[in-house]
Amino acid sequence: MRVVFTASNLAVSRGGRPVLTNVSLRAEPGDAVVLRGPNGVGKTTLLRAFAGLLRPDSGTVGFTDAADAGRSRAPSEVSIFCGVLNAHKAALTLRENLAFWAALYRAPQTRIEAASTQFKLAPYSDYLAGALSTGLARRLGLARLIIAERPVWFIDEPTAALDSASSEDFVTLVEAHRQRGGVVVIATHDPLPLNGARIFELTAKAAA
Amino acid sequence: MSALGAIIARDIRLAFRAGGGAAQGVTFFALTGVLFALAVGPDIALISKIAAPVLWTGALLATQISLDQIWRADREDGSLDVLVETSDMLALTALAKAFAHWVATALPLIIATPILGLMLNLPVEAYAPLAISLAIGTPGLSLIGCIAGALVVSLPRAHLLIAIIVSPLYVPILIFGSGAAMSGAGAPQYGANLMLLGATVLFAAILSPLASAAALRSNLD
């Protein structure tokens with residue numbers, strides 16, 4: 001499915017305090033958007049609003065099917081949010097975590113294998129997720145992108161804990177996703193070498 | 001496996017794994033029974049008379065200690081976002097979570113009841129009414145607790161707040177449940193108590209998923 005993502009005139013608050021107003025963004029299939037801005041400007045809050053995990057104060061978020069004459073889709077149907085928390089259970093093994101996500105995202109078993117191969121997690125399958133290092137746990141968190149296989153990815157600080165090889169793998173994965181017509185919106189401070197990515201600079205209480 | 005089945009299976013598995021809450025509840029329940037028996041002393045007639053209400057109160061308090069974790073654990077590691085993001089209907093997710101909490105917390109208590117009953121000299125004819133009233137009533141405790149857990153999901157150290165929220169709501173379940181267990185299977189008020197208990201729990205079953213989902217949505221940020 002190829003999806004166009006639009007956000008128009010969004011205003012979001014965090015903890016009752018308004019952080020961003022008047023944010024508009026449109027991403028076509030194959031687009032990559034990089035959110036930049038100083039700490040505390042509201043990148044995470046904005047990503048959560050994009051993904052439908054936070055109700056904006058005003059404005060709208062929409063996902064339309066590029067193939068199906070602009071039919072509107074629910075965020076839960078077409079998007080995935082990967083926050084800084086990896087959403088794994090420390091007391092479950094890596095394999096159990098992946099299998100749980102596969103059930104939630106209604107993914108076939110084969111995608112569990114694909115995800116653990118892609119992120120080079122296969123040797124750690126029987127480890128408890130709580131025993132993984134920060135970088136490995138991050139790779140497990142990002143493996144959700146492959147399991148969910150949603151067209152629109154919202155990712156918060158994907159490479160903060162990754163070594164350079166894993167960062168490169170991640171960039172390759174994102175480029176492959178864009179090749180298939182996927183949309184990626186990433187909040188990051190790292191200079192990710194994404195081909196033709198749009199930089200979306202956020203400034204306090206007003207976004208460009 | 002369906003998504004709801006996976007949530008139930010995962011929560012139960014986590015509860016019975018090291019560090020999970022299942023052993024905590026049943027240990028607390030057993031300790032309540034033991035300490036009460038020691039406090040009452042050798043008056044066998046008295047202790048056998050109050051055994052059923054003591055066990056009901058113990059079960060109620062033992063269920064309460066793990067309510068805090070129903071949603072908070074998922075929020076703290078980010079899984080709550082995944083649950084919300086993949087859910088067709090958050091109310092059904094809440095129902096699955098409440099059911100998993102019941103299996104992990106209340107079911108072990110019901111299984112442990114005969115042993116504690118023996119220790120508190122529970123009359124032989126009271127075992128079945130006690131077990132039946134617990135089986136009907138405890139799902140209500142998990143359902144109401146699920147709402148409280150969702151309300152305080154973003155507040156740290158909310159044990160006290162949860163206790164204050166759920167205690168008044170637990171009162172009808174305690175009265176009817178303990179009433180049924182004490183009156184015994186033969187008494188006319190036994191059936192009435194059980195039916196009122198069932199009605200209270202059914203009411204909670206309708207209200208809890210909707211209220212929990214609303215509370216979660218307002219706490220997402």
# chains A, B, ... in the order shown; residues from 1 in each chain; ligands from 1
>>> interface_residues(of="chain B", to="chain A", cutoff="9 Å", atoms="only C-alpha atoms", output="JSON, numbers by chain")
{"B": [1, 2, 3, 4, 5, 6, 7, 10, 13, 14, 17, 18, 19, 20, 74, 75, 76, 77, 78, 79, 80, 81, 82, 83, 84, 85, 86, 87, 88, 217, 218, 220, 221]}
>>> select_by_dssp(residues="segment 3-204 of chain A", states="strand (DSSP E)", output="PyMOL selection string")
chain A and resi 3-14+17-27+32-36+58-65+71-73+79-82+152-156+183-187+198-203
>>> residues_around(residues="Ile147 of chain A", least_positions_apart="3", cutoff="7 Å", atoms="only C-alpha atoms", output="list in words")
Ala102, Ala107, Arg111, Ile112, Ala115, Ala143 and Arg144 of chain A
>>> select_by_dssp(residues="segment 4-193 of chain A", states="alpha helix (DSSP H)", output="ChimeraX atom specification")
/A:43-50,75-78,94-104,110-118,134-148,164-179
>>> write_last_selection(atoms="C-alpha atoms", output="PDB file, in the first residue's frame")
ATOM      1  CA  LYS A  43      10.000  16.448  18.212  1.00  0.00           C
ATOM      2  CA  THR A  44       8.810  13.381  20.102  1.00  0.00           C
ATOM      3  CA  THR A  45       5.471  14.969  20.946  1.00  0.00           C
ATOM      4  CA  LEU A  46       4.968  15.839  17.299  1.00  0.00           C
ATOM      5  CA  LEU A  47       5.848  12.318  16.147  1.00  0.00           C
ATOM      6  CA  ARG A  48       3.358  10.879  18.642  1.00  0.00           C
ATOM      7  CA  ALA A  49       0.668  13.218  17.324  1.00  0.00           C
ATOM      8  CA  PHE A  50       1.515  12.143  13.758  1.00  0.00           C
ATOM      9  CA  PRO A  75      -3.198   5.617  11.621  1.00  0.00           C
ATOM     10  CA  SER A  76      -3.223   2.198  13.308  1.00  0.00           C
ATOM     11  CA  GLU A  77      -3.712   0.587   9.915  1.00  0.00           C
ATOM     12  CA  VAL A  78      -0.869   2.230   8.012  1.00  0.00           C
ATOM     13  CA  LEU A  94      14.099 -11.932  22.233  1.00  0.00           C
ATOM     14  CA  ARG A  95      12.193 -14.540  20.244  1.00  0.00           C
ATOM     15  CA  GLU A  96       9.138 -14.224  22.532  1.00  0.00           C
ATOM     16  CA  ASN A  97       9.148 -10.457  22.135  1.00  0.00           C
ATOM     17  CA  LEU A  98       9.241 -10.735  18.354  1.00  0.00           C
ATOM     18  CA  ALA A  99       6.491 -13.369  18.357  1.00  0.00           C
ATOM     19  CA  PHE A 100       4.297 -11.161  20.553  1.00  0.00           C
ATOM     20  CA  TRP A 101       4.668  -8.236  18.161  1.00  0.00           C
ATOM     21  CA  ALA A 102       3.972 -10.505  15.207  1.00  0.00           C
ATOM     22  CA  ALA A 103       0.655 -11.453  16.829  1.00  0.00           C
ATOM     23  CA  LEU A 104      -0.247  -7.824  17.563  1.00  0.00           C
ATOM     24  CA  THR A 110       8.224 -15.582   8.325  1.00  0.00           C
ATOM     25  CA  ARG A 111       8.565 -11.918   9.193  1.00  0.00           C
ATOM     26  CA  ILE A 112       9.960 -12.822  12.630  1.00  0.00           C
ATOM     27  CA  GLU A 113      12.853 -14.565  10.851  1.00  0.00           C
ATOM     28  CA  ALA A 114      13.225 -11.655   8.433  1.00  0.00           C
ATOM     29  CA  ALA A 115      13.364  -9.137  11.272  1.00  0.00           C
ATOM     30  CA  SER A 116      15.944 -11.028  13.290  1.00  0.00           C
ATOM     31  CA  THR A 117      18.093 -11.601  10.186  1.00  0.00           C
ATOM     32  CA  GLN A 118      17.878  -7.961   9.105  1.00  0.00           C
ATOM     33  CA  THR A 134      21.606  -0.839  24.855  1.00  0.00           C
ATOM     34  CA  GLY A 135      22.536  -1.131  21.189  1.00  0.00           C
ATOM     35  CA  LEU A 136      21.159  -4.661  20.798  1.00  0.00           C
ATOM     36  CA  ALA A 137      17.946  -3.647  22.576  1.00  0.00           C
ATOM     37  CA  ARG A 138      17.640  -0.742  20.151  1.00  0.00           C
ATOM     38  CA  ARG A 139      18.002  -3.139  17.236  1.00  0.00           C
ATOM     39  CA  LEU A 140      15.271  -5.289  18.777  1.00  0.00           C
ATOM     40  CA  GLY A 141      13.059  -2.188  19.099  1.00  0.00           C
ATOM     41  CA  LEU A 142      13.657  -1.268  15.465  1.00  0.00           C
ATOM     42  CA  ALA A 143      12.950  -4.841  14.345  1.00  0.00           C
ATOM     43  CA  ARG A 144       9.310  -3.954  14.976  1.00  0.00           C
ATOM     44  CA  LEU A 145       9.446  -1.898  11.755  1.00  0.00           C
ATOM     45  CA  ILE A 146       9.962  -5.074   9.748  1.00  0.00           C
ATOM     46  CA  ILE A 147       7.395  -7.102  11.645  1.00  0.00           C
ATOM     47  CA  ALA A 148       4.690  -4.460  11.336  1.00  0.00           C
ATOM     48  CA  SER A 164      28.312   2.669  12.813  1.00  0.00           C
ATOM     49  CA  ALA A 165      27.718  -0.665  11.044  1.00  0.00           C
ATOM     50  CA  SER A 166      24.195  -0.931  12.488  1.00  0.00           C
ATOM     51  CA  SER A 167      23.501   2.685  11.575  1.00  0.00           C
ATOM     52  CA  GLU A 168      24.478   1.934   7.988  1.00  0.00           C
ATOM     53  CA  ASP A 169      22.239  -1.145   8.009  1.00  0.00           C
ATOM     54  CA  PHE A 170      19.421   1.009   9.303  1.00  0.00           C
ATOM     55  CA  VAL A 171      19.895   3.575   6.540  1.00  0.00           C
ATOM     56  CA  THR A 172      19.871   0.753   3.957  1.00  0.00           C
ATOM     57  CA  LEU A 173      16.634  -0.528   5.449  1.00  0.00           C
ATOM     58  CA  VAL A 174      15.026   2.922   5.307  1.00  0.00           C
ATOM     59  CA  GLU A 175      16.132   3.403   1.676  1.00  0.00           C
ATOM     60  CA  ALA A 176      14.663   0.010   0.731  1.00  0.00           C
ATOM     61  CA  HIS A 177      11.426   0.982   2.428  1.00  0.00           C
ATOM     62  CA  ARG A 178      11.320   4.230   0.411  1.00  0.00           C
ATOM     63  CA  GLN A 179      12.026   2.294  -2.797  1.00  0.00           C
TER      64      GLN A 179
END
>>> residues_around(residues="Glu201 of chain A", least_positions_apart="5", cutoff="12 Å", atoms="only C-alpha atoms", output="MDAnalysis selection string")
chainID A and resid 20 23:25 33:38 41:43 186:189 206:208
>>> residues_around(residues="segment 178-186 of chain B", least_positions_apart="3", cutoff="12 Å", atoms="only C-alpha atoms", output="PyMOL selection string")
chain B and resi 48-60+117+122-138+170-175+189-198
>>> residues_around(residues="Gln24 of chain B", least_positions_apart="6", cutoff="9 Å", atoms="only C-alpha atoms", output="list in words")
Ala62, Ile65, Ser66 and Thr105 of chain B
>>> write_last_selection(atoms="C-alpha atoms", output="PDB file, in the first residue's frame")
ATOM      1  CA  ALA B  62      -3.989  -9.491  47.759  1.00  0.00           C
ATOM      2  CA  ILE B  65      -1.281  -4.981  45.422  1.00  0.00           C
ATOM      3  CA  SER B  66      -0.663  -5.799  41.767  1.00  0.00           C
ATOM      4  CA  THR B 105      -3.598 -12.978  40.584  1.00  0.00           C
TER       5      THR B 105
END
>>> residues_around(residues="Pro29 of chain A", least_positions_apart="4", cutoff="10 Å", atoms="only C-alpha atoms", output="MDAnalysis selection string")
chainID A and resid 1:5 65:66 151:152 177:184
>>> atom_distance(atom1="atom CA of Gly41 of chain B", atom2="atom CA of Gly177 of chain B")
25.6 Å
>>> decode(residues="segment 58-205 of chain B", atoms="C-alpha atoms", output="mmCIF file, in the first residue's frame")
data_model
loop_
_atom_site.group_PDB
_atom_site.id
_atom_site.type_symbol
_atom_site.label_atom_id
_atom_site.label_comp_id
_atom_site.auth_asym_id
_atom_site.auth_seq_id
_atom_site.Cartn_x
_atom_site.Cartn_y
_atom_site.Cartn_z
ATOM 1 C CA GLY B 58 -7.376 -11.279 52.366
ATOM 2 C CA ALA B 59 -8.180 -12.125 48.746
ATOM 3 C CA LEU B 60 -9.408 -8.595 48.107
ATOM 4 C CA LEU B 61 -6.255 -6.998 49.517
ATOM 5 C CA ALA B 62 -3.989 -9.491 47.759
ATOM 6 C CA THR B 63 -5.592 -8.621 44.421
ATOM 7 C CA GLN B 64 -5.062 -4.939 45.097
ATOM 8 C CA ILE B 65 -1.281 -4.981 45.422
ATOM 9 C CA SER B 66 -0.663 -5.799 41.767
ATOM 10 C CA LEU B 67 -3.188 -3.363 40.223
ATOM 11 C CA ASP B 68 -0.525 -0.710 39.982
ATOM 12 C CA GLN B 69 1.355 -2.791 37.412
ATOM 13 C CA ILE B 70 -1.519 -3.664 35.039
ATOM 14 C CA TRP B 71 -0.834 -0.689 32.773
ATOM 15 C CA ARG B 72 2.179 1.016 34.271
ATOM 16 C CA ALA B 73 4.615 -1.745 33.327
ATOM 17 C CA ASP B 74 3.533 -1.395 29.700
ATOM 18 C CA ARG B 75 3.780 2.357 29.778
ATOM 19 C CA GLU B 76 7.267 2.363 31.287
ATOM 20 C CA ASP B 77 8.819 0.163 28.604
ATOM 21 C CA GLY B 78 6.890 1.650 25.696
ATOM 22 C CA SER B 79 4.654 -1.376 25.046
ATOM 23 C CA LEU B 80 1.548 0.649 25.804
ATOM 24 C CA ASP B 81 2.142 2.560 22.554
ATOM 25 C CA VAL B 82 2.297 -0.742 20.696
ATOM 26 C CA LEU B 83 -0.919 -1.943 22.354
ATOM 27 C CA VAL B 84 -2.705 1.290 21.462
ATOM 28 C CA GLU B 85 -1.249 1.418 17.960
ATOM 29 C CA THR B 86 -2.319 -2.135 17.096
ATOM 30 C CA SER B 87 -5.669 -2.147 18.835
ATOM 31 C CA ASP B 88 -8.890 -2.110 16.857
ATOM 32 C CA MET B 89 -10.793 -1.364 20.027
ATOM 33 C CA LEU B 90 -8.897 -0.315 23.122
ATOM 34 C CA ALA B 91 -11.800 -1.447 25.327
ATOM 35 C CA LEU B 92 -11.245 -5.057 24.227
ATOM 36 C CA THR B 93 -7.534 -4.736 24.955
ATOM 37 C CA ALA B 94 -8.488 -3.529 28.451
ATOM 38 C CA LEU B 95 -10.790 -6.520 28.894
ATOM 39 C CA ALA B 96 -7.951 -8.860 27.879
ATOM 40 C CA LYS B 97 -5.617 -7.166 30.360
ATOM 41 C CA ALA B 98 -8.193 -7.484 33.168
ATOM 42 C CA PHE B 99 -8.717 -11.161 32.353
ATOM 43 C CA ALA B 100 -4.957 -11.818 32.377
ATOM 44 C CA HIS B 101 -4.715 -10.044 35.735
ATOM 45 C CA TRP B 102 -7.462 -12.274 37.106
ATOM 46 C CA VAL B 103 -5.765 -15.465 35.907
ATOM 47 C CA ALA B 104 -2.388 -14.392 37.265
ATOM 48 C CA THR B 105 -3.598 -12.978 40.584
ATOM 49 C CA ALA B 106 -7.010 -14.238 41.651
ATOM 50 C CA LEU B 107 -6.931 -17.778 40.294
ATOM 51 C CA PRO B 108 -3.919 -18.772 42.449
ATOM 52 C CA LEU B 109 -5.788 -17.355 45.479
ATOM 53 C CA ILE B 110 -8.860 -19.472 44.768
ATOM 54 C CA ILE B 111 -6.628 -22.529 44.408
ATOM 55 C CA ALA B 112 -4.874 -21.713 47.703
ATOM 56 C CA THR B 113 -8.153 -21.159 49.577
ATOM 57 C CA PRO B 114 -8.711 -24.777 50.740
ATOM 58 C CA ILE B 115 -5.275 -24.871 52.393
ATOM 59 C CA LEU B 116 -5.896 -21.606 54.199
ATOM 60 C CA GLY B 117 -9.416 -22.745 55.034
ATOM 61 C CA LEU B 118 -7.939 -25.763 56.767
ATOM 62 C CA MET B 119 -5.643 -23.536 58.793
ATOM 63 C CA LEU B 120 -8.503 -21.239 59.849
ATOM 64 C CA ASN B 121 -10.753 -24.223 60.661
ATOM 65 C CA LEU B 122 -13.272 -23.274 57.988
ATOM 66 C CA PRO B 123 -16.406 -25.474 58.424
ATOM 67 C CA VAL B 124 -16.522 -28.297 55.872
ATOM 68 C CA GLU B 125 -19.824 -27.108 54.368
ATOM 69 C CA ALA B 126 -18.358 -23.619 53.794
ATOM 70 C CA TYR B 127 -15.602 -24.636 51.356
ATOM 71 C CA ALA B 128 -17.801 -24.795 48.273
ATOM 72 C CA PRO B 129 -19.684 -21.504 48.947
ATOM 73 C CA LEU B 130 -16.391 -19.719 49.619
ATOM 74 C CA ALA B 131 -14.749 -21.026 46.452
ATOM 75 C CA ILE B 132 -17.828 -20.274 44.340
ATOM 76 C CA SER B 133 -18.247 -16.756 45.716
ATOM 77 C CA LEU B 134 -14.550 -16.051 45.120
ATOM 78 C CA ALA B 135 -14.765 -17.435 41.596
ATOM 79 C CA ILE B 136 -17.747 -15.183 40.802
ATOM 80 C CA GLY B 137 -16.538 -12.109 42.694
ATOM 81 C CA THR B 138 -12.805 -11.847 41.993
ATOM 82 C CA PRO B 139 -13.181 -11.047 38.268
ATOM 83 C CA GLY B 140 -14.964 -7.888 39.452
ATOM 84 C CA LEU B 141 -11.907 -6.967 41.522
ATOM 85 C CA SER B 142 -9.637 -7.237 38.471
ATOM 86 C CA LEU B 143 -12.100 -5.325 36.276
ATOM 87 C CA ILE B 144 -12.490 -2.407 38.680
ATOM 88 C CA GLY B 145 -8.753 -2.470 39.368
ATOM 89 C CA CYS B 146 -8.078 -2.192 35.641
ATOM 90 C CA ILE B 147 -9.866 1.185 35.578
ATOM 91 C CA ALA B 148 -7.902 2.434 38.585
ATOM 92 C CA GLY B 149 -4.634 1.266 37.038
ATOM 93 C CA ALA B 150 -5.459 3.120 33.831
ATOM 94 C CA LEU B 151 -6.378 6.299 35.717
ATOM 95 C CA VAL B 152 -3.044 6.504 37.509
ATOM 96 C CA VAL B 153 -0.879 5.093 34.696
ATOM 97 C CA SER B 154 1.206 8.233 34.378
ATOM 98 C CA LEU B 155 1.637 8.848 38.116
ATOM 99 C CA PRO B 156 4.641 7.380 39.877
ATOM 100 C CA ARG B 157 4.152 5.459 43.168
ATOM 101 C CA ALA B 158 0.383 5.440 42.949
ATOM 102 C CA HIS B 159 -0.261 2.475 45.281
ATOM 103 C CA LEU B 160 -2.023 4.597 47.868
ATOM 104 C CA LEU B 161 -4.109 6.387 45.275
ATOM 105 C CA ILE B 162 -5.179 3.066 43.757
ATOM 106 C CA ALA B 163 -6.193 1.749 47.182
ATOM 107 C CA ILE B 164 -8.285 4.880 47.783
ATOM 108 C CA ILE B 165 -9.929 4.631 44.350
ATOM 109 C CA VAL B 166 -10.795 0.946 44.426
ATOM 110 C CA SER B 167 -11.709 0.389 48.085
ATOM 111 C CA PRO B 168 -15.161 2.005 47.973
ATOM 112 C CA LEU B 169 -15.872 0.313 44.645
ATOM 113 C CA TYR B 170 -14.848 -3.057 46.090
ATOM 114 C CA VAL B 171 -17.324 -2.751 48.982
ATOM 115 C CA PRO B 172 -20.367 -4.290 47.228
ATOM 116 C CA ILE B 173 -18.282 -7.218 45.991
ATOM 117 C CA LEU B 174 -16.906 -7.793 49.484
ATOM 118 C CA ILE B 175 -20.339 -7.598 51.129
ATOM 119 C CA PHE B 176 -22.118 -9.922 48.713
ATOM 120 C CA GLY B 177 -19.156 -12.284 48.328
ATOM 121 C CA SER B 178 -18.436 -12.601 51.987
ATOM 122 C CA GLY B 179 -22.181 -12.740 52.689
ATOM 123 C CA ALA B 180 -22.616 -15.694 50.349
ATOM 124 C CA ALA B 181 -19.586 -17.488 51.783
ATOM 125 C CA MET B 182 -20.758 -17.026 55.372
ATOM 126 C CA SER B 183 -24.410 -17.912 54.897
ATOM 127 C CA GLY B 184 -23.574 -21.354 53.491
ATOM 128 C CA ALA B 185 -25.137 -23.227 50.611
ATOM 129 C CA GLY B 186 -28.373 -24.109 52.426
ATOM 130 C CA ALA B 187 -29.388 -20.637 53.581
ATOM 131 C CA PRO B 188 -31.973 -18.605 51.625
ATOM 132 C CA GLN B 189 -29.718 -15.541 51.473
ATOM 133 C CA TYR B 190 -26.955 -17.610 49.801
ATOM 134 C CA GLY B 191 -28.537 -17.492 46.348
ATOM 135 C CA ALA B 192 -29.531 -13.839 46.712
ATOM 136 C CA ASN B 193 -26.001 -12.846 47.673
ATOM 137 C CA LEU B 194 -24.494 -14.781 44.793
ATOM 138 C CA MET B 195 -26.902 -13.216 42.302
ATOM 139 C CA LEU B 196 -26.216 -9.696 43.543
ATOM 140 C CA LEU B 197 -22.511 -10.493 43.420
ATOM 141 C CA GLY B 198 -22.866 -11.723 39.837
ATOM 142 C CA ALA B 199 -24.845 -8.626 38.881
ATOM 143 C CA THR B 200 -22.187 -6.331 40.338
ATOM 144 C CA VAL B 201 -19.449 -8.158 38.432
ATOM 145 C CA LEU B 202 -21.401 -8.084 35.168
ATOM 146 C CA PHE B 203 -21.924 -4.361 35.606
ATOM 147 C CA ALA B 204 -18.166 -3.964 36.122
ATOM 148 C CA ALA B 205 -17.535 -6.096 33.036
#
